[in-house]
Amino acid sequence: MVEVDPAFFQDPEHRPKLVRIEDEGIPLIDLSVLNQSSVSQDDMARLVSEIGDASQKWGFFQVINHGVPSEYRERIELVSRKFFALPKDEKLKVRRDEVNPLGYYDTEHTKNVRDWKEVFDFTVDNPTIIPASPEPDDQEIRELRNQFPQNPPELREVCEEYTQEILKLCFKILGLISLGLGLPKNRLDDYFKDQTSFLRLNHYPVCPSPDLVLGVSRHKDAGALTILAQDDVAGLQVKRKTDGEWILVKPIPDAFIVNIGDIIQVWSNDKYESVDHRVMVNSDKERFSVPFFFNPAHYTWVQPLEELINEESPSKYKAYNWGKFFATKKHSNFKKLNVENLQINHFKMKN
Ligand SMILES: O=C(O)CCC(=O)C(=O)O
Ligand SMILES: [Fe+2]
């Protein structure tokens with residue numbers, strides 16, 4: 001058997017149990033009313049409350065009849081398989097490095113343990129503007145540029161087309177979330193004008209020690225929303241809020257998994273929660289997934305929305321700069337560090 005590098009080993013308390021718990025609990029939400037030419041107020045109110053309840057109870061839900069044509073998804077899943085099947089040398093031609101955090105990468109660390117996966121990242125806006133450094137006083141900015149591989153030749157176009165479709169879905173869900181918070185549907189849209197959103201292709205190879213390692217260690221997504229396509233191999237687990245148990249998210253053909261990220265948790269002043277999740281790997285099956293991280297402009301100051309703050313419900317967070325937060329995260333997951341990673345609870349008010 002192949003020896004697994006101990007850099008991948010989880011501490012005993014974080015190792016996955018190989019007995020997997022399935023739960024019907026992660027809500028499945030049908031978005032078909034949004035595809036109709038006119039929606040009744042009742043139907044809209046029902047949908048808004050379903051999304052609101054799921055965002056409160058789970059921080060996760062799946063959506064069907066979401067309006068993203070299935071061809072786009074089939075094409076990206078196929079091109080992702082083709083890319084990761086290439087020889088390592090070929091993939092390394094578009095390798096991420098200390099300077100450019102976009103491209104191919106197989107050494108990501110989450111919570112300072114190496115993930116059993118390889119990824120390919122690119123941003124929606126090309127270039128994407130972010131701060132030049134995580135230092136709070138450094139005002140300099142820089143441009144991130146995508147590096148697409150020559151092979152497979154269709155990868156760029158397939159990825160860009162898919163992303164445009166997913167963006168439409170992001171704005172639909174953002175609108176529903178906004179309505180659920182009692183705000184106008186387009187209240188949050190402007191934050192995404194100069195977005196720092198990016199798409200990731202994930203490949204979790206077969207692993208000889210699925211009991212010791214994780215594809216991605218437990219973490220919360222730092223952005224606003226994540227929209228994930230997973231293949232038919234289960235692996236994503238969500239930490240159930242009621243008891244902290246890890247629950248497997250069942251693959252449903254053509255459904256997208258949506259989760260609330262840290263930014264919506266802060267905007268909603270903790271009404272909605274960004275929940276811990278992680279990815280298990282298998283000894284006999286590889287797995288592919290495609291998350292889209294919907295992130296605002298780098299200059300966004302993230303803080304509870306002023307409409308939601310009053311004397312009874314005071315702000316629970318100090319404002320933080322998204323670009324600096326993002327730059328710090330991008331910097332720290334490149335290598336193993338001996339300090340805790342930056343988290344939103346570092347901006348929590350001490351009452
Ligand atoms: O592959 C998955 O199912 C989830 C991946 C994930 O949570 C992430 O990349 O942030
Ligand atoms: Fe995640």
# chains A, B, ... in the order shown; residues from 1 in each chain; ligands from 1
>>> residues_around(residues="region 240-252 of chain A", least_positions_apart="3", cutoff="10 Å", atoms="only C-alpha atoms", output="number ranges by chain")
A: 16-17, 20-26, 28, 56-64, 229-237, 255-257, 273, 275-280
>>> write_last_selection(atoms="C-alpha atoms", output="PDB file, in the first residue's frame")
ATOM      1  CA  PRO A  16     -13.742  11.180  10.147  1.00  0.00           C
ATOM      2  CA  LYS A  17     -15.845   8.279  11.393  1.00  0.00           C
ATOM      3  CA  ARG A  20     -21.556   7.985   7.809  1.00  0.00           C
ATOM      4  CA  ILE A  21     -24.705   9.570   9.107  1.00  0.00           C
ATOM      5  CA  GLU A  22     -27.239  10.579   6.515  1.00  0.00           C
ATOM      6  CA  ASP A  23     -30.026  12.944   7.321  1.00  0.00           C
ATOM      7  CA  GLU A  24     -33.020  14.187   5.442  1.00  0.00           C
ATOM      8  CA  GLY A  25     -32.486  17.487   7.206  1.00  0.00           C
ATOM      9  CA  ILE A  26     -30.602  19.605   4.702  1.00  0.00           C
ATOM     10  CA  LEU A  28     -34.262  20.757  -0.594  1.00  0.00           C
ATOM     11  CA  GLN A  56     -31.089  29.917  10.020  1.00  0.00           C
ATOM     12  CA  LYS A  57     -31.331  26.233  10.938  1.00  0.00           C
ATOM     13  CA  TRP A  58     -28.636  24.729   8.729  1.00  0.00           C
ATOM     14  CA  GLY A  59     -26.706  27.439   6.901  1.00  0.00           C
ATOM     15  CA  PHE A  60     -26.988  24.956   3.992  1.00  0.00           C
ATOM     16  CA  PHE A  61     -29.637  23.885   1.490  1.00  0.00           C
ATOM     17  CA  GLN A  62     -29.932  22.296  -1.944  1.00  0.00           C
ATOM     18  CA  VAL A  63     -31.843  23.870  -4.820  1.00  0.00           C
ATOM     19  CA  ILE A  64     -33.589  22.250  -7.789  1.00  0.00           C
ATOM     20  CA  ALA A 229     -22.005  21.224  -7.807  1.00  0.00           C
ATOM     21  CA  GLN A 230     -20.960  17.806  -6.476  1.00  0.00           C
ATOM     22  CA  ASP A 231     -20.794  14.625  -8.549  1.00  0.00           C
ATOM     23  CA  ASP A 232     -22.557  11.407  -7.519  1.00  0.00           C
ATOM     24  CA  VAL A 233     -19.855  10.395  -5.000  1.00  0.00           C
ATOM     25  CA  ALA A 234     -20.822  11.574  -1.512  1.00  0.00           C
ATOM     26  CA  GLY A 235     -18.203  13.205   0.699  1.00  0.00           C
ATOM     27  CA  LEU A 236     -19.338  16.652   1.837  1.00  0.00           C
ATOM     28  CA  GLN A 237     -20.370  16.717   5.489  1.00  0.00           C
ATOM     29  CA  ALA A 255     -29.185  20.024  -7.629  1.00  0.00           C
ATOM     30  CA  PHE A 256     -26.824  22.730  -6.372  1.00  0.00           C
ATOM     31  CA  ILE A 257     -25.755  22.970  -2.763  1.00  0.00           C
ATOM     32  CA  GLU A 273     -25.032  31.283  10.134  1.00  0.00           C
ATOM     33  CA  VAL A 275     -21.636  26.590   9.216  1.00  0.00           C
ATOM     34  CA  ASP A 276     -18.610  24.288   9.478  1.00  0.00           C
ATOM     35  CA  HIS A 277     -18.273  21.687   6.774  1.00  0.00           C
ATOM     36  CA  ARG A 278     -15.588  19.270   5.576  1.00  0.00           C
ATOM     37  CA  VAL A 279     -14.969  16.682   2.874  1.00  0.00           C
ATOM     38  CA  MET A 280     -14.304  12.967   3.362  1.00  0.00           C
TER      39      MET A 280
END
>>> residues_near_ligand(ligand="ligand 2", cutoff="8 Å", atoms="only C-alpha atoms and all ligand atoms", output="list in words")
Val216, His219, Lys220, Asp221, Thr226, His277, Arg278 and Pro291 of chain A
>>> atom_distance(atom1="CA of Ala297 (chain A)", atom2="atom 1 (O, counted along the ligand's line) of ligand 1")
24.5 Å
>>> atom_distance(atom1="CA of Phe288 (chain A)", atom2="CA of Leu78 (chain A)")
10.0 Å
>>> closest_residue(among="A:Lys329, A:Arg15, A:Arg187, A:Lys111", to="Ala222 (chain A)", atoms="only C-alpha atoms")
A:Lys329
>>> residues_around(residues="region 209-214 of chain A", least_positions_apart="5", cutoff="9 Å", atoms="only C-alpha atoms", output="number ranges by chain")
A: 3-4, 8-12, 14-18, 113-117, 278-283
>>> atom_distance(atom1="CA of Glu77 (chain A)", atom2="atom 5 (C, counted along the ligand's line) of ligand 1")
14.7 Å
>>> closest_residue(among="A:Pro6, A:Tyr104, A:Ala319, A:Ala327", to="Ile141 (chain A)", atoms="only C-alpha atoms")
A:Ala327
>>> closest_residue(among="A:Ser289, A:Thr300, A:Asn310, A:Thr328", to="ligand 1", atoms="only C-alpha atoms and all ligand atoms")
A:Ser289
>>> select_by_dssp(residues="region 55-149 of chain A", states="helix (DSSP H, G or I)", output="ChimeraX atom specification")
/A:55-57,70-84,88-92
>>> closest_residue(among="A:Gln265, A:Phe198, A:Ser274, A:Asp138", to="Lys239 (chain A)", atoms="only C-alpha atoms")
A:Ser274
>>> select_by_dssp(residues="region 27-224 of chain A", states="strand (DSSP E)", output="ChimeraX atom specification")
/A:28-30,60-64,103-105,109-110,113-114,118-123,128-131,141-144,198-204,216-219
